[in-house]
Amino acid sequence: MVGVYWQIYLFRQISLLRAAARSTFLLARKCRIARLGDLPGSAPAPILPRTGEPRTLNLAVVGAQWGDEGKGKIVDLLAPRFAVTVRYQGGPNAGHTVVFDGRTHALHHIPSGIFHEGVRCLVGPGTLIDPDRILAEIDGLQAGGLDLAHRLGLSARAHVILPVHLLLDSASEDDLGSSAIGTTRRGIGPAYASKAERWGVRLGDLGHRKCVEERFERALRCGLGERLRAMGEAEPDPSDIADRAAEWWQRLEVYTTDVVSEVHDALDAQQPILFEGAQGALLDIEHGTYPFVTSSSTLVGGICPSLGIPPKAVDHALGIFKAYATRVGAGPFPSEEMGQAGAALRENGKEFGTTTGRPRRCGWFDAVAARHAVRLNGLDAMVVTKFDVLAGFEAVRIAVAYEIDGERTTTFPATTTALARARPIFEDFPGWEMASAGASLDDIPANGRKYLDRLSELCRCPVAMLSVGPSREETIFMPDGMLT
Ligand code: IMP
């Protein structure tokens, strides 16, 4: 009997000790979270290596608004510091513009590092490749004298955009009428959907006739056939698709590679890698303004699953922000300017889509959305592009908070319906003139500097670079910034 009491007593003591240990652990964790949350912003990041320096650091360059922030120019500028640049998501919906020697180059699939000899440019497994479009892109670059044979590598795992995806994208947009997403109609959503439905064709499959035919037959049996018939479209013949696939393969095989292994080899060899994002944080499938988003993960976090690399492989993250805001396609845009100011931003900034030519919706810098993007990506620093476009305005504005249903908030709403009700609360700044697009910080008048400081303060992220024109030379590296 005494033995039983002892056992109960001991059991109680052990349970009490366990509970005490657990609450101490939880308290410690809470304190740590509170301390991290209390930090006013990211600490200044260490300086990036230049070519030849021993320590290698990998860098993610991502869009931090609704796309079209000017990532192409920035990646082109930074690429010579890296051995590899790799696109990890999206497809030909992207339009990255690079300007040098008076010529403008628009890239859709191919990383913007392609103009630098010695930089290996990879297109990763999480991307989509439209064979006809990428071949046109390759031909265009080769016609301009670039030898891509050793520079370009396309992942055998990347999914292929087939003609039926283009058809489905357009049909769904047409069906939606006034509620359309405003997609680029490049087949992006349907191609990612077929990947998830497991009938997608990957680049490395193109050379296997039987595989392409079987994949497509399965798709037709599992609902695609019915859908096409309902649209009044003829069912494509799997053998015709396989014929096209064979033609594409003939030209694309030479570029096809195992990108995952190449990236891991570069990591093992400590070769610096630049991860090039497409679109922007607010178009992210999970965290963007759903459903008015693209169909991939546009965030820094998307790099790892898309490329099959661990999070610790991404050392730093640089977010690209336009000095104001633009959006193409439908969806809420709280700081949009429908009047004269919006038209002036569009005019001055030549805000017409690189991929579709559509006029972009324009508005003021939205610091609520921008801070959200800084947090989602864990940005170490920001690059502010098209700063020159703001010169000449009598006054400029920043949306510093939203009012939603009578409440002021600086938190980006979780639902698109709440975002649609958000009214921007603006802070106004006196404008400035810039005689010519200077490329030194001294050329930025005091009012411009104040605007920039406030923008950085609201985002709680330091500015590392300022772009004041489309060409490489029209760039200011901030003194003591992470890129200097
Ligand atoms: P999708 O990616 O073509 O399916 O289009 C979905 C949404 O993302 C639409 O609002 C497009 O306008 C937008 N979008 C896709 N790619 C880009 C881009 O590169 N820049 C800006 N918007 C984009």
# chains A, B, ... in the order shown; residues from 1 in each chain; ligands from 1
>>> residues_near_ligand(ligand="ligand 1", cutoff="6 Å", atoms="only C-alpha atoms and all ligand atoms", output="PyMOL selection string")
chain A and resi 66-68+93-95+181-186+188-189+279+283+292-294+328-330
>>> write_last_selection(atoms="all heavy atoms", output="compact mmCIF listing (two decimals), in the first residue's frame")
# COMPACT_ATOMS: atom_id res chain seq x y z
N TRP A 66 3.35 45.43 -57.09
CA TRP A 66 2.52 44.60 -57.98
C TRP A 66 3.27 44.30 -59.28
O TRP A 66 2.68 44.27 -60.34
CB TRP A 66 1.22 45.33 -58.30
CG TRP A 66 0.18 45.19 -57.23
CD1 TRP A 66 -0.58 44.08 -56.98
CD2 TRP A 66 -0.26 46.18 -56.29
NE1 TRP A 66 -1.44 44.32 -55.93
CE2 TRP A 66 -1.28 45.60 -55.49
CE3 TRP A 66 0.10 47.50 -56.04
CZ2 TRP A 66 -1.93 46.30 -54.48
CZ3 TRP A 66 -0.55 48.19 -55.03
CH2 TRP A 66 -1.55 47.59 -54.26
N GLY A 67 4.55 44.07 -59.19
CA GLY A 67 5.33 43.79 -60.40
C GLY A 67 5.74 45.08 -61.10
O GLY A 67 5.35 46.19 -60.68
N ASP A 68 6.57 44.94 -62.13
CA ASP A 68 7.01 46.08 -62.95
C ASP A 68 7.78 47.12 -62.14
O ASP A 68 7.75 48.31 -62.44
CB ASP A 68 5.81 46.78 -63.64
CG ASP A 68 4.97 45.81 -64.42
OD1 ASP A 68 5.55 44.93 -65.08
OD2 ASP A 68 3.73 45.90 -64.36
N ASN A 93 4.88 35.67 -68.46
CA ASN A 93 4.06 36.81 -68.00
C ASN A 93 4.98 37.95 -67.55
O ASN A 93 4.57 39.10 -67.49
CB ASN A 93 3.12 36.39 -66.85
CG ASN A 93 3.78 35.58 -65.75
OD1 ASN A 93 4.91 35.13 -65.90
ND2 ASN A 93 3.09 35.38 -64.65
N ALA A 94 6.22 37.63 -67.20
CA ALA A 94 7.18 38.65 -66.77
C ALA A 94 7.73 39.40 -67.98
O ALA A 94 7.82 38.85 -69.07
CB ALA A 94 8.33 37.98 -66.03
N GLY A 95 8.08 40.65 -67.74
CA GLY A 95 8.72 41.42 -68.80
C GLY A 95 9.81 42.25 -68.14
O GLY A 95 9.54 43.29 -67.55
N ILE A 181 -9.65 38.73 -64.11
CA ILE A 181 -8.45 39.02 -63.31
C ILE A 181 -7.58 40.05 -64.04
O ILE A 181 -6.86 40.82 -63.42
CB ILE A 181 -7.62 37.72 -63.12
CG1 ILE A 181 -8.46 36.59 -62.49
CG2 ILE A 181 -6.32 37.96 -62.35
CD1 ILE A 181 -8.83 36.78 -61.06
N GLY A 182 -7.67 40.02 -65.37
CA GLY A 182 -6.77 40.87 -66.16
C GLY A 182 -5.43 40.19 -66.32
O GLY A 182 -4.37 40.84 -66.19
N THR A 183 -5.42 38.88 -66.56
CA THR A 183 -4.16 38.16 -66.69
C THR A 183 -3.42 38.60 -67.95
O THR A 183 -3.99 39.31 -68.80
CB THR A 183 -4.36 36.62 -66.78
OG1 THR A 183 -4.90 36.32 -68.06
CG2 THR A 183 -5.28 36.10 -65.69
N THR A 184 -2.20 38.15 -68.07
CA THR A 184 -1.43 38.47 -69.27
C THR A 184 -1.85 37.57 -70.45
O THR A 184 -1.33 37.73 -71.54
CB THR A 184 0.07 38.26 -69.00
OG1 THR A 184 0.26 36.90 -68.59
CG2 THR A 184 0.59 39.18 -67.93
N ARG A 185 -2.74 36.62 -70.18
CA ARG A 185 -3.22 35.65 -71.19
C ARG A 185 -2.06 34.83 -71.75
O ARG A 185 -2.07 34.46 -72.92
CB ARG A 185 -4.02 36.35 -72.30
CG ARG A 185 -5.26 37.01 -71.75
CD ARG A 185 -6.18 37.51 -72.83
NE ARG A 185 -7.36 38.13 -72.21
CZ ARG A 185 -8.61 37.95 -72.61
NH1 ARG A 185 -8.86 37.17 -73.64
NH2 ARG A 185 -9.60 38.53 -71.99
N ARG A 186 -1.06 34.62 -70.94
CA ARG A 186 0.09 33.81 -71.37
C ARG A 186 -0.03 32.36 -70.90
O ARG A 186 0.95 31.62 -70.90
CB ARG A 186 1.38 34.42 -70.84
CG ARG A 186 1.71 35.78 -71.45
CD ARG A 186 2.25 35.59 -72.87
NE ARG A 186 2.12 36.78 -73.66
CZ ARG A 186 3.08 37.64 -73.91
NH1 ARG A 186 4.26 37.45 -73.38
NH2 ARG A 186 2.87 38.68 -74.69
N ILE A 188 -0.55 31.23 -67.83
CA ILE A 188 0.14 30.97 -66.57
C ILE A 188 -0.73 30.16 -65.58
O ILE A 188 -0.32 29.10 -65.10
CB ILE A 188 0.58 32.31 -65.92
CG1 ILE A 188 1.47 33.12 -66.88
CG2 ILE A 188 1.27 32.08 -64.58
CD1 ILE A 188 2.76 32.46 -67.29
N GLY A 189 -1.93 30.67 -65.30
CA GLY A 189 -2.80 29.99 -64.33
C GLY A 189 -3.10 28.56 -64.77
O GLY A 189 -2.88 27.61 -64.01
N GLN A 279 7.30 39.16 -61.13
CA GLN A 279 6.10 39.78 -60.56
C GLN A 279 6.46 40.45 -59.21
O GLN A 279 7.59 40.88 -59.06
CB GLN A 279 4.96 38.76 -60.40
CG GLN A 279 4.35 38.29 -61.73
CD GLN A 279 5.14 37.21 -62.42
OE1 GLN A 279 5.51 36.22 -61.81
NE2 GLN A 279 5.39 37.37 -63.70
N LEU A 283 1.38 40.18 -55.72
CA LEU A 283 0.79 39.26 -56.70
C LEU A 283 1.05 37.82 -56.29
O LEU A 283 0.76 36.89 -57.04
CB LEU A 283 1.38 39.51 -58.10
CG LEU A 283 0.96 40.81 -58.79
CD1 LEU A 283 1.71 40.99 -60.11
CD2 LEU A 283 -0.55 40.84 -59.05
N PHE A 292 -6.76 38.32 -57.30
CA PHE A 292 -6.12 39.15 -58.32
C PHE A 292 -4.60 39.02 -58.18
O PHE A 292 -3.92 39.99 -57.80
CB PHE A 292 -6.61 40.59 -58.21
CG PHE A 292 -8.10 40.69 -58.32
CD1 PHE A 292 -8.89 40.84 -57.20
CD2 PHE A 292 -8.72 40.58 -59.56
CE1 PHE A 292 -10.27 40.90 -57.29
CE2 PHE A 292 -10.10 40.64 -59.67
CZ PHE A 292 -10.88 40.79 -58.53
N VAL A 293 -4.12 37.85 -58.44
CA VAL A 293 -2.71 37.52 -58.23
C VAL A 293 -2.23 36.66 -59.39
O VAL A 293 -3.04 36.21 -60.21
CB VAL A 293 -2.53 36.71 -56.91
CG1 VAL A 293 -2.83 37.56 -55.69
CG2 VAL A 293 -3.42 35.46 -56.90
N THR A 294 -0.94 36.40 -59.43
CA THR A 294 -0.45 35.42 -60.38
C THR A 294 -0.51 34.05 -59.69
O THR A 294 -0.99 33.94 -58.55
CB THR A 294 0.96 35.78 -60.91
OG1 THR A 294 1.26 34.92 -62.01
CG2 THR A 294 2.03 35.68 -59.83
N VAL A 328 -1.09 46.39 -63.01
CA VAL A 328 -1.83 46.06 -64.24
C VAL A 328 -2.82 44.97 -63.89
O VAL A 328 -2.56 44.15 -63.03
CB VAL A 328 -0.94 45.58 -65.41
CG1 VAL A 328 -0.51 46.72 -66.28
CG2 VAL A 328 0.23 44.77 -64.95
N GLY A 329 -3.92 44.96 -64.59
CA GLY A 329 -4.95 43.98 -64.27
C GLY A 329 -5.85 44.52 -63.17
O GLY A 329 -5.65 45.63 -62.65
N ALA A 330 -6.85 43.71 -62.82
CA ALA A 330 -7.86 44.15 -61.86
C ALA A 330 -7.40 43.90 -60.43
O ALA A 330 -6.34 43.33 -60.20
CB ALA A 330 -9.16 43.41 -62.15
>>> select_by_dssp(residues="stretch 155-260 of chain A", states="helix (DSSP H, G or I)", output="PyMOL selection string")
chain A and resi 163-179+188-196+203-205+209-230+238-255+259-260
>>> residues_around(residues="A:Gly140", least_positions_apart="4", cutoff="10 Å", atoms="only C-alpha atoms", output="PyMOL selection string")
chain A and resi 105-107+134-136+144-146
>>> write_last_selection(atoms="N, CA and C atoms", output="PDB file, in the first residue's frame")
ATOM      1  N   HIS A 105      16.241  45.992 -74.150  1.00  0.00           N
ATOM      2  CA  HIS A 105      16.032  44.549 -74.313  1.00  0.00           C
ATOM      3  C   HIS A 105      14.919  44.119 -73.362  1.00  0.00           C
ATOM      4  N   ALA A 106      13.922  43.423 -73.888  1.00  0.00           N
ATOM      5  CA  ALA A 106      12.837  42.923 -73.019  1.00  0.00           C
ATOM      6  C   ALA A 106      12.992  41.411 -72.883  1.00  0.00           C
ATOM      7  N   LEU A 107      13.135  40.969 -71.646  1.00  0.00           N
ATOM      8  CA  LEU A 107      13.292  39.536 -71.392  1.00  0.00           C
ATOM      9  C   LEU A 107      12.016  39.015 -70.720  1.00  0.00           C
ATOM     10  N   ILE A 134      10.013  31.256 -75.872  1.00  0.00           N
ATOM     11  CA  ILE A 134      11.412  31.264 -75.426  1.00  0.00           C
ATOM     12  C   ILE A 134      12.329  31.122 -76.638  1.00  0.00           C
ATOM     13  N   LEU A 135      11.868  30.391 -77.651  1.00  0.00           N
ATOM     14  CA  LEU A 135      12.707  30.266 -78.855  1.00  0.00           C
ATOM     15  C   LEU A 135      12.843  31.624 -79.537  1.00  0.00           C
ATOM     16  N   ALA A 136      11.734  32.388 -79.543  1.00  0.00           N
ATOM     17  CA  ALA A 136      11.794  33.735 -80.142  1.00  0.00           C
ATOM     18  C   ALA A 136      12.756  34.609 -79.324  1.00  0.00           C
ATOM     19  N   GLY A 144      21.305  39.461 -81.817  1.00  0.00           N
ATOM     20  CA  GLY A 144      22.048  40.618 -81.295  1.00  0.00           C
ATOM     21  C   GLY A 144      23.493  40.273 -80.963  1.00  0.00           C
ATOM     22  N   GLY A 145      23.926  39.058 -81.284  1.00  0.00           N
ATOM     23  CA  GLY A 145      25.334  38.693 -81.118  1.00  0.00           C
ATOM     24  C   GLY A 145      25.655  37.925 -79.844  1.00  0.00           C
ATOM     25  N   LEU A 146      24.646  37.557 -79.042  1.00  0.00           N
ATOM     26  CA  LEU A 146      24.937  36.815 -77.806  1.00  0.00           C
ATOM     27  C   LEU A 146      25.036  35.323 -78.113  1.00  0.00           C
TER      28      LEU A 146
END
>>> select_by_dssp(residues="stretch 88-295 of chain A", states="strand (DSSP E or B)", output="VMD selection string")
chain A and resid 90 96 to 100 103 to 107 120 to 123 127 to 129 152 to 155 159 to 160 202 256 to 257 273 to 276
>>> residues_around(residues="A:Ala370", least_positions_apart="5", cutoff="10 Å", atoms="only C-alpha atoms", output="PyMOL selection string")
chain A and resi 64-65+281-282+319+321+325+365+375-376+399-400+412+455-456+458-461
>>> write_last_selection(atoms="C-alpha atoms", output="short mmCIF file (atom, residue, chain, number, x, y, z; two decimals), in the first residue's frame")
data_model
loop_
_atom_site.label_atom_id
_atom_site.label_comp_id
_atom_site.auth_asym_id
_atom_site.auth_seq_id
_atom_site.Cartn_x
_atom_site.Cartn_y
_atom_site.Cartn_z
CA ALA A 64 7.93 44.18 -53.65
CA GLN A 65 4.80 45.76 -55.12
CA ALA A 281 4.89 40.42 -53.40
CA LEU A 282 1.33 41.66 -53.80
CA GLY A 319 13.32 44.30 -52.50
CA PHE A 321 10.14 49.22 -55.11
CA ALA A 325 2.91 52.48 -57.27
CA PHE A 365 3.65 54.95 -52.87
CA ARG A 375 7.98 41.61 -43.66
CA LEU A 376 6.85 38.86 -46.04
CA ALA A 399 -0.14 56.43 -48.15
CA VAL A 400 0.93 55.95 -44.53
CA PHE A 412 -2.26 45.20 -44.63
CA LEU A 455 9.69 56.12 -47.21
CA SER A 456 12.52 54.11 -45.70
CA LEU A 458 7.81 53.82 -42.88
CA CYS A 459 8.99 50.58 -44.45
CA ARG A 460 11.54 50.09 -41.67
CA CYS A 461 14.10 49.10 -44.27
#
